[in-house]
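S.K.: Before anything else, here's the structure in question.
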Amino acid sequence: MSETGIAKAIPDAHANRWKALVFIALAQLMVVLDATIVNIALPSAQQDLGISDGNKQWVITAYALAFGGLLLFGGRIADLWGRKRAFVVGLTGFAAASALGGAATNEAMMFGARALQGVFGALLAPAALSLLSVMFTDAKERAKAFGIYGAIAGGGGAVGFILGGVLTEYMDWRWTFFVNIPFAIVAAAGAYFVIREPEGGRNRSPLDIPGVVLSTLGLVSLVYGFTRAETDGWGDSTTVGLFVASALLLAGFVFTESKVKAPLLPLRVITDRNRGGVYLSLGLAIIAMFGTFLFLTYYLQIVKGYSPISTGFAFLPMIAGMITGSTQIGARLMTRVAPRLLMGPGFLVAALGMLLLAQLEIGSSYASLVLPAMVLLGLGMGTAFMPAMSLATHGIQPRDAGVASAMVNTSQQVGGAIGTALLNTIALSATTSYVKDHIAGAASKPQQQMVQLQGMVHGYTNAIWFAVGILVVAAGIAFTLINTGRPDIASASASGAEAGEGVEDEVMVPVIAH
């Protein structure tokens with residue numbers, strides 16, 4: 001079916017879709033910015049509010065637990081209420097929580113505000129992605145829309161470094177919270193007046209309460225387990241207990257979902273070969289990316305002595321690479337080649353960039369090593385993310401669009417928690433053993449400091465080698481599990497599904513040609 005045919009089939013939904021994309025992209029940018037912007041402001045906020053070193057991680061953890069734990073529930077609420085309503089409520093709540101964080105006078109108020117941001121973020125993020133999936137059904141338009149969305153999802157974090165540095169250095173850490181408010185107001189007002197959702201796409205089945213409880217507790221235990229592992233070690237009894245609890249709760253969740261009449265996460269969403277491949281490869285890629293972001297930040301600031309703002313600007317080539325990969329390579333080729341031929345090579349190009357970073361030394365030049373590595377990382381990830389985001393919700397029944405979108409966010413959130421904890425642990429143990437072996441030969445204090453720095457860089461490069469391997473595995477999964485063909489003939493089937501006519505996964509059938 002042509003674009004005109006689709007538009008006739010669902011005229012209201014499509015009339016303002018490009019305007020709607022602006023507001024959806026703005027909301028996504030706000031959520032992604034917030035994830036990194038607070039990291040930059042943390043030292044100043046800690047000092048101002050008298051937060052102890054032991055408690056400072058809760059500024060990050062409170063958000064991660066609420067966001068990661070409630071994503072599936074948020075996606076289901078979007079399917080139940082309607083995505084537009086969930087999107088506007090999520091934005092309004094996120095703005096209110098940001099105002100509370102900016103006005104915080106003690107650590108309890110700050111932790112509460114961060115947890116609230118996570119709660120409303122978990123409602124907002126799946127609603128944004130599922131709105132795109134039900135509004136853009138024509139293959140070429142979908143490619144452009146997801147190209148823009150993918151570029152923001154990938155590059156927004158690095159913009160956060162710059163904005164966070166500018167706000168903290170020239171204004172006040174509180175503005176890293178207050179800056180969300182204008183974003184949210186503009187996006188919510190725009191969405192309210194512009195977005196028109198397709199009819200018949202809601203899932204009005206009763207809420208699966210056991211599924212909500214089991215998934216939320218299971219995901220919270222998993223994310224908190226990795227957070228604990230980072231600070232207390234993998235052998236810590238609480239850490240092990242959290243992982244065991246998470247495994248039992250999530251196994252119970254899968255069992256419950258297979259039995260109940262109206263599941264929170266219908267297993268058809270994740271057992272589809274292509275979507276399963278996307279969730280798995282995307283989660284692995286995020287593990288590699290998150291850890292490396294952290295090491296690069298530390299390397300540039302501690303080893304090379306960059307200021308927070310300079311560090312932010314140093315990440316710009318990566319953003320440029322991501323935007324190019326997403327909007328110029330991914331979006332242009334998505335209707336011409338099968339998704340696996342974009343995702344697999346994309347992850348391999350990113351692995352090549354990571355391989356360059358594994359050669360880091362104290363005296364490494366930014367221009368000759370870090371810059372080309374960042375460009376390759378950005379290009380590879382941008383090219384891979386774009387078809388991944390689109391394929392994760394492609395061919396899904398409208399009533400499942402919210403939870404399918406939530407699974408993308410969940411794989412990213414859990415991947416981020418694993419990446420930070422796992423790669424940090426590898427780096428720390430390599431640094432400790434390097435310093436232990438070399439410190440005896442350092443007589444003076446400057447020599448000892450040099451050994452500490454060399455140990456730090458040695459730790460980073462060791463962990464980055466693991467990240468290279470993880471990206472190669474992600475590419476392997478993309479090549480083997482994802483077997484759908486190019487989506488140029490999918491729009492006709494998709495339009496029927498979006499209008500509420502589709503049966504389970506029927507949209508995927510005609511495109512599995514390769």
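Here, A, B, ... name the chains of the structure tokens in the order displayed, residue numbers run from 1 inside each chain, and ligands are numbered from 1 in the same displayed order.
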Each residue of stretch 207-323 of chain A lying at most 9 Å from stretch 452-474 of chain A should get a row with its shortest atom-to-atom pair and the distance in Å to one decimal, counting only C-alpha atoms; could you produce that, ordered by chain and increasing number, as a tab-separated table?
M.R.:
```
residue	atom	partner	partner_atom	distance
A:Leu280	CA	A:Ala474	CA	7.6
A:Ser281	CA	A:Ala474	CA	4.5
A:Leu282	CA	A:Ala474	CA	7.3
A:Gly283	CA	A:Ala474	CA	8.5
A:Leu284	CA	A:Ala474	CA	5.9
A:Ala285	CA	A:Leu471	CA	5.6
A:Ile287	CA	A:Ala467	CA	7.6
A:Ala288	CA	A:Ala467	CA	4.6
A:Met289	CA	A:Ala467	CA	7.7
A:Gly291	CA	A:Ala467	CA	7.9
A:Thr292	CA	A:Ile464	CA	6.6
A:Phe295	CA	A:Tyr460	CA	6.0
A:Leu296	CA	A:Tyr460	CA	8.4
A:Tyr299	CA	A:Val457	CA	7.2
A:Ile302	CA	A:Leu453	CA	8.5
A:Val303	CA	A:Leu453	CA	6.6
```
S.K.: With N, CA, C and O atoms retained, write the just-selected residues as a PDB file, in the first residue's frame.
M.R.:
```
ATOM      1  N   LEU A 280      18.613  -8.832  22.391  1.00  0.00           N
ATOM      2  CA  LEU A 280      19.855  -9.429  22.884  1.00  0.00           C
ATOM      3  C   LEU A 280      21.086  -8.678  22.366  1.00  0.00           C
ATOM      4  O   LEU A 280      21.978  -8.316  23.137  1.00  0.00           O
ATOM      5  N   SER A 281      21.128  -8.431  21.047  1.00  0.00           N
ATOM      6  CA  SER A 281      22.315  -7.766  20.476  1.00  0.00           C
ATOM      7  C   SER A 281      22.414  -6.320  20.952  1.00  0.00           C
ATOM      8  O   SER A 281      23.507  -5.814  21.233  1.00  0.00           O
ATOM      9  N   LEU A 282      21.258  -5.639  21.088  1.00  0.00           N
ATOM     10  CA  LEU A 282      21.252  -4.251  21.560  1.00  0.00           C
ATOM     11  C   LEU A 282      21.725  -4.180  23.010  1.00  0.00           C
ATOM     12  O   LEU A 282      22.537  -3.324  23.371  1.00  0.00           O
ATOM     13  N   GLY A 283      21.237  -5.104  23.848  1.00  0.00           N
ATOM     14  CA  GLY A 283      21.667  -5.146  25.253  1.00  0.00           C
ATOM     15  C   GLY A 283      23.169  -5.337  25.369  1.00  0.00           C
ATOM     16  O   GLY A 283      23.842  -4.662  26.162  1.00  0.00           O
ATOM     17  N   LEU A 284      23.724  -6.248  24.551  1.00  0.00           N
ATOM     18  CA  LEU A 284      25.175  -6.504  24.581  1.00  0.00           C
ATOM     19  C   LEU A 284      25.962  -5.273  24.120  1.00  0.00           C
ATOM     20  O   LEU A 284      26.982  -4.907  24.720  1.00  0.00           O
ATOM     21  N   ALA A 285      25.485  -4.631  23.052  1.00  0.00           N
ATOM     22  CA  ALA A 285      26.176  -3.437  22.543  1.00  0.00           C
ATOM     23  C   ALA A 285      26.200  -2.330  23.593  1.00  0.00           C
ATOM     24  O   ALA A 285      27.195  -1.618  23.752  1.00  0.00           O
ATOM     25  N   ILE A 287      26.152  -2.777  26.835  1.00  0.00           N
ATOM     26  CA  ILE A 287      27.134  -3.178  27.859  1.00  0.00           C
ATOM     27  C   ILE A 287      28.506  -2.628  27.473  1.00  0.00           C
ATOM     28  O   ILE A 287      29.197  -2.006  28.271  1.00  0.00           O
ATOM     29  N   ALA A 288      28.881  -2.855  26.210  1.00  0.00           N
ATOM     30  CA  ALA A 288      30.192  -2.394  25.727  1.00  0.00           C
ATOM     31  C   ALA A 288      30.291  -0.876  25.729  1.00  0.00           C
ATOM     32  O   ALA A 288      31.293  -0.298  26.142  1.00  0.00           O
ATOM     33  N   MET A 289      29.219  -0.213  25.279  1.00  0.00           N
ATOM     34  CA  MET A 289      29.240   1.251  25.145  1.00  0.00           C
ATOM     35  C   MET A 289      29.310   1.969  26.488  1.00  0.00           C
ATOM     36  O   MET A 289      30.103   2.883  26.678  1.00  0.00           O
ATOM     37  N   GLY A 291      30.291   1.010  29.517  1.00  0.00           N
ATOM     38  CA  GLY A 291      31.575   0.890  30.211  1.00  0.00           C
ATOM     39  C   GLY A 291      32.625   1.779  29.570  1.00  0.00           C
ATOM     40  O   GLY A 291      33.396   2.460  30.252  1.00  0.00           O
ATOM     41  N   THR A 292      32.644   1.793  28.234  1.00  0.00           N
ATOM     42  CA  THR A 292      33.668   2.566  27.516  1.00  0.00           C
ATOM     43  C   THR A 292      33.462   4.066  27.699  1.00  0.00           C
ATOM     44  O   THR A 292      34.430   4.816  27.837  1.00  0.00           O
ATOM     45  N   PHE A 295      35.069   4.896  30.957  1.00  0.00           N
ATOM     46  CA  PHE A 295      36.538   4.898  30.926  1.00  0.00           C
ATOM     47  C   PHE A 295      37.089   6.096  30.165  1.00  0.00           C
ATOM     48  O   PHE A 295      38.081   6.698  30.561  1.00  0.00           O
ATOM     49  N   LEU A 296      36.435   6.430  29.041  1.00  0.00           N
ATOM     50  CA  LEU A 296      36.909   7.571  28.245  1.00  0.00           C
ATOM     51  C   LEU A 296      36.789   8.874  29.034  1.00  0.00           C
ATOM     52  O   LEU A 296      37.668   9.735  28.974  1.00  0.00           O
ATOM     53  N   TYR A 299      39.538   8.806  31.571  1.00  0.00           N
ATOM     54  CA  TYR A 299      40.847   8.952  30.898  1.00  0.00           C
ATOM     55  C   TYR A 299      41.093  10.413  30.527  1.00  0.00           C
ATOM     56  O   TYR A 299      42.154  10.974  30.796  1.00  0.00           O
ATOM     57  N   ILE A 302      41.010  12.596  34.172  1.00  0.00           N
ATOM     58  CA  ILE A 302      42.032  12.313  35.191  1.00  0.00           C
ATOM     59  C   ILE A 302      43.423  12.199  34.570  1.00  0.00           C
ATOM     60  O   ILE A 302      44.375  12.810  35.043  1.00  0.00           O
ATOM     61  N   VAL A 303      43.527  11.408  33.492  1.00  0.00           N
ATOM     62  CA  VAL A 303      44.858  11.180  32.892  1.00  0.00           C
ATOM     63  C   VAL A 303      45.293  12.373  32.039  1.00  0.00           C
ATOM     64  O   VAL A 303      46.421  12.845  32.145  1.00  0.00           O
TER      65      VAL A 303
END
```
S.K.: Just the residues within 10 Å of A:Leu294, please, counting only C-alpha atoms, with nothing from its chain fewer than 6 positions along; format it as a PyMOL selection string.
M.R.: chain A and resi 419-420+423-424+460
S.K.: Next, the residues of the selection above should be written as a compact mmCIF listing (two decimals), in the first residue's frame with all heavy atoms.
M.R.:
```txt
# COMPACT_ATOMS: atom_id res chain seq x y z
N GLY A 419 27.10 -3.25 32.03
CA GLY A 419 28.32 -2.70 31.43
C GLY A 419 29.15 -1.93 32.44
O GLY A 419 30.37 -2.13 32.56
N THR A 420 28.48 -1.05 33.20
CA THR A 420 29.20 -0.24 34.17
C THR A 420 29.83 -1.13 35.24
O THR A 420 31.00 -0.96 35.59
CB THR A 420 28.23 0.77 34.84
OG1 THR A 420 27.53 1.46 33.80
CG2 THR A 420 28.96 1.78 35.68
N LEU A 423 32.51 -4.13 33.43
CA LEU A 423 33.76 -3.59 32.88
C LEU A 423 34.55 -2.82 33.94
O LEU A 423 35.78 -2.82 33.93
CB LEU A 423 33.48 -2.71 31.66
CG LEU A 423 32.86 -3.46 30.46
CD1 LEU A 423 32.62 -2.54 29.29
CD2 LEU A 423 33.76 -4.60 30.00
N ASN A 424 33.85 -2.18 34.88
CA ASN A 424 34.52 -1.48 35.96
C ASN A 424 35.30 -2.46 36.84
O ASN A 424 36.43 -2.18 37.27
CB ASN A 424 33.49 -0.75 36.84
CG ASN A 424 33.86 0.69 37.03
OD1 ASN A 424 34.93 1.13 36.63
ND2 ASN A 424 32.99 1.44 37.66
N TYR A 460 41.82 0.28 32.10
CA TYR A 460 40.85 0.68 31.06
C TYR A 460 41.02 -0.17 29.81
O TYR A 460 40.04 -0.67 29.25
CB TYR A 460 41.03 2.15 30.67
CG TYR A 460 40.81 3.16 31.77
CD1 TYR A 460 41.32 4.46 31.66
CD2 TYR A 460 40.11 2.82 32.93
CE1 TYR A 460 41.12 5.39 32.68
CE2 TYR A 460 39.92 3.76 33.94
CZ TYR A 460 40.43 5.04 33.81
OH TYR A 460 40.26 5.95 34.81
```
S.K.: Identify which of the residues A:Phe178, A:Phe146, A:Phe313, A:Phe136 lies closest to A:Phe94, counting only C-alpha atoms when measuring atom-to-atom distances.
M.R.: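 Distance minimum relative to A:Phe94 lands on A:Phe178.
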S.K.: Could you please determine the separation between atom CA of A:Asp400 and atom CA of A:Gly75 in Å, to one decimal place?
M.R.: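 Separating atom CA of A:Asp400 from atom CA of A:Gly75 is a distance of 8.7 Å.
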S.K.: Nearest residue to A:Gly276 out of A:Ala245, A:Lys19, A:Leu391, A:Arg114, using only C-alpha atoms?
M.R.: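 Looking only at the distances to A:Gly276, the closest residue turns out to be A:Leu391.
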S.K.: Measuring atom to atom with only C-alpha atoms, identify which of A:Asn55, A:Asn180, A:Asn39, A:Thr168 is nearest to A:Leu100.
M.R.: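 Comparing A:Asn55, A:Asn180, A:Asn39, A:Thr168 against A:Leu100, the winner is A:Asn180.
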S.K.: Tell me, in Å to one decimal, how far atom CA of A:Ala358 is from atom CA of A:Phe161.
M.R.: 22.4 Å
